[in-house]
Structure formats: C-alpha cells, structure tokens
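> I have a structure here, written as structure tokens, and I will follow up with some questions on it.
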Amino acid sequence: MRRILFPFAAACALSAASIVAAHAHATLEKSEAAPGSYKAVLKIPHGCDGGQATHTVRLEIPEGYIGAKPMPKAGWELAVEKGDYAKTYKLHGEEVKSGVMVVTWSGGNLPDDFYDEFAVSGTLADVEEGQQLFFKATQVCDKGEVAWNEEPAAGQNPHSLEHPAPAVTILAASAGGHDHAGHGGHEAAPVKAGDLEISGAWARAMLPGQPTGGAYLTIANKGKAADKLVGATSPNAGKVEVHTMEVKDDVMVMRSVEGGLEIPAGETVELKPGGFHVMFMGVKEAFKEGATVPVTLEFEHAGKVDMQVPVKAANGGDDHSGHEHSDH
C-alpha cells in the first residue's frame, strides 16, 4: 500500500457537535443507504478505559465503497493508505481498480467528555439490497485502544457484541440514489447586491473553546462585469478572511486568497468545505447550532452586504467535496 500524509493546520474549518452521543458504541451516522454516493460519518462517542482522551482514529474502508476521500479535520493529521480493490468497478464511466483502503486521523485530542465525527465521502458500488458493509474503526489513546471490529453472525443482534463494527445496510436502488441530505434547520434567505445574488449561506457549529470557525455560501454574478469578494467582518470574530484549501506535493495547505476572490460575469462561485470558505479567527464565542452569525461581506463593486448566517451541525449539508463530478 502507498501511504500519503497530509499534515493539517489547526486553523481549518472545524468539525463540531452540539451534544454528546447517547450511545456507547462507535457508529455511522447514516446506517442505511442506497447504492451511489454515500458520506460515511463515523461517530466516536467516548474515550478509552479510564476516561482517556482519543488522539488517533483509524477507519478501514470496506470492499464495495470506492473512490473514498476523507475530510480533513482541524488539529489532526490526515493519512491515507491506498491499495487494489478485489475487483474492477465502474465509476463515472471509467474503470477503477484501486483506491483508499485505510484512513487515519492522528495527533488530535478528543476528551472523553466530548464526541466527534470523522467523515469520508465515496460511492457504494456493485452492492445488493440487504447487504451490510462494515467500516471497522480503531480509536487510540495514550494507554490502550478500542477496536470497533466485530461483525455479527447470521441472525445475531449486533448490539449484543462488545465492540461491533460500524455498518451500513444497503437499500433498494430506488430508495435513495445520491446522498443529498440537507443541513437541517432554517435556511438563509438569498441576498441581492447589485448584480450579485448570495444564497445557501451556513456556518459550522463549533466545540467550546475552539478559536476558529468556517462559513460557506454561493455567489451568483448575473451581470456583465466581474466582481470580487475582497473582505469580510463580523462582531463575533477578531478577524475574518476568505481562505482556500489545496493539495501541494501531497500536503493539504490552507491560505488566504490574496487580492480577493473573483466572481466572473455570468458565473457562480461556490464556497464549500474542502475549497474556498470564509474563515473566522479569534472567535469570541463558539458558534452554536440553531444560532446565527452576523457577517458583512465586502465586494469590489457591489459594496458591503450584511447577512445573518445560520449555524448548522458539522455533518450537515450536500457535501460533495469528495466527488470529482458536479452533475447533481
């Protein structure tokens, strides 16, 4: 297997949760899915024995889940191991013979008092209704680890196992197709400024004490001249910038967009997880799900635009950053 390491800065858009999970086992947020696009969100509900904090989470990708791309997490290093599939698959009209087999998030700090989520986006391919795919996971602490890797025997209740592997059960193909679950909660109303229309704005919920946060939105330029998003401010943060994320020499890096983000005439620019986003630094109070964050965007020609951005759970949204296609 090839191993590719992505050291990831703590200033990235944050994965967060607003409540502690009620169950004791590691699970997948969505335990049923139809063939096609599927976002596997692994929930780690507690630490190791003795209340130890978790510093590493390892997720094994099962056969039948192809094109897997993990989501980076602030404060954690991300590594993937690639290998050959057991057979050849078709993905977007092309043959696929290999891909990510193991994902590891390490160097983080998840206290026993909190839970967190670790996300991978991919495709359920050549799977049948009723089939189960097991995403075996291991969480590592300073003294020991917990391996969620037990598969139930035929007819056995998985809840009877001490460490059941997180699993997804395949539904009929007509039951779902692509995973387009919404963010949930209220939606930000579209805002118009000159030839620009800003829609779909949302900010990630944050854990208490986290210093940075992220927000996302879509900007459509319906005019005949280009414009630029040149700045932003918020009373809830010491500084707000437009950032982008990209891979250079197998390293995921994040940087501010120098000179502003161009919005070409007649085109739409999407700020989304894994790409362009609005970064809040020096956040005065963690963004809570259900609340709103006041933001003023400043454009080169359209001027200043005031918005109230709703805060939504970190796992919400049509996050297709792990897919190379955009024909949804």
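Lettering and numbering for the structure tokens are positional, with chains as A, B, ... in the shown order, residues counted from 1 in each chain, and ligands counted from 1 in the shown order.
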Which residues, written as a list of chain:residue names, have at least one atom at most 6 Å from segment 126-129 of chain A, with only C-alpha atoms counted and residues fewer than 4 positions away on the same chain left out?
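Contacts, with the query itself left out: A:Ile170, A:Leu171, A:Ala172.
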> With only C-alpha atoms as the counted atoms, please give the residues lying no more than 6 Å from segment 302-313 of chain A, apart from itself and same-chain residues fewer than 3 positions off, as a list in words.
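Residues meeting the cut-off are Ala193, Gly194, Ala201, Trp202, Ala203, Arg204, Ala205, Glu289, Gly290, Ala291, Thr292, Val293, Pro294, Val295, Thr296, Leu297, Glu298, Phe299 and Gly316 of chain A.
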> Find the residues around Val230 of chain A up to 9 Å (only C-alpha atoms counted), leave out those fewer than 3 positions away in its own chain, and share them as a JSON list (two decimals) with C-alpha atoms, in the first residue's frame.

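Result went into part_7.json, see below:
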[["chain", "number", "residue", "atom", "x", "y", "z"],
["A", 241, "GLU", "CA", -10.76, 36.28, 5.76],
["A", 242, "VAL", "CA", -11.55, 34.32, 2.62],
["A", 257, "VAL", "CA", -6.99, 34.47, -1.03],
["A", 258, "GLU", "CA", -4.74, 37.38, -1.95],
["A", 259, "GLY", "CA", -6.37, 40.24, -3.83],
["A", 260, "GLY", "CA", -9.89, 38.93, -3.35],
["A", 261, "LEU", "CA", -12.00, 36.09, -4.73],
["A", 262, "GLU", "CA", -13.08, 36.82, -8.30],
["A", 297, "LEU", "CA", -19.22, 40.77, 3.10],
["A", 298, "GLU", "CA", -17.43, 43.43, 1.07],
["A", 299, "PHE", "CA", -17.33, 43.32, -2.72],
["A", 300, "GLU", "CA", -15.21, 45.46, -5.02]]
> Using only C-alpha atoms, I'd like a table of the residues in segment 39-97 of chain A that come within 7 Å of segment 101-111 of chain A; for each, show the closest atom pair and its distance in Å rounded to one decimal, ordered by chain and ascending number, as a Markdown table.

| residue | atom | partner | partner_atom | distance |
| --- | --- | --- | --- | --- |
| A:Gly47 | CA | A:Pro111 | CA | 6.6 |
| A:Gln52 | CA | A:Pro111 | CA | 7.0 |
| A:Ala53 | CA | A:Pro111 | CA | 4.3 |
| A:Thr54 | CA | A:Leu110 | CA | 5.0 |
| A:His55 | CA | A:Gly108 | CA | 4.7 |
| A:Thr56 | CA | A:Ser106 | CA | 4.2 |
| A:Val57 | CA | A:Trp105 | CA | 5.2 |
| A:Arg58 | CA | A:Thr104 | CA | 4.4 |
| A:Leu59 | CA | A:Val103 | CA | 5.2 |
| A:Glu60 | CA | A:Val102 | CA | 4.6 |
| A:Ile61 | CA | A:Met101 | CA | 5.0 |
| A:Gly75 | CA | A:Gly108 | CA | 5.7 |
| A:Trp76 | CA | A:Gly108 | CA | 4.7 |
| A:Glu77 | CA | A:Ser106 | CA | 5.1 |
| A:Leu78 | CA | A:Trp105 | CA | 4.8 |
| A:Ala79 | CA | A:Thr104 | CA | 5.2 |
| A:Val80 | CA | A:Val103 | CA | 4.6 |
| A:Glu81 | CA | A:Val102 | CA | 5.1 |
| A:Lys82 | CA | A:Met101 | CA | 5.2 |
| A:Gly83 | CA | A:Met101 | CA | 6.1 |
> List every residue of segment 114-177 of chain A that DSSP, applied to the backbone of this structure, places in helix (DSSP H, G or I), and write the result as JSON, numbers by chain.
{"A": [158, 159, 160, 173, 174, 175]}
> Can I get the selection written as an mmCIF file, in the first residue's frame, with C-alpha atoms?

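Just written: again_26.cif:
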data_model
loop_
_atom_site.group_PDB
_atom_site.id
_atom_site.type_symbol
_atom_site.label_atom_id
_atom_site.label_comp_id
_atom_site.auth_asym_id
_atom_site.auth_seq_id
_atom_site.Cartn_x
_atom_site.Cartn_y
_atom_site.Cartn_z
ATOM 1 C CA PRO A 158 -25.048 -6.548 16.716
ATOM 2 C CA HIS A 159 -25.914 -4.772 19.975
ATOM 3 C CA SER A 160 -25.013 -7.978 21.803
ATOM 4 C CA ALA A 173 -31.537 1.266 -5.617
ATOM 5 C CA SER A 174 -34.833 3.146 -5.990
ATOM 6 C CA ALA A 175 -34.832 4.106 -2.315
#
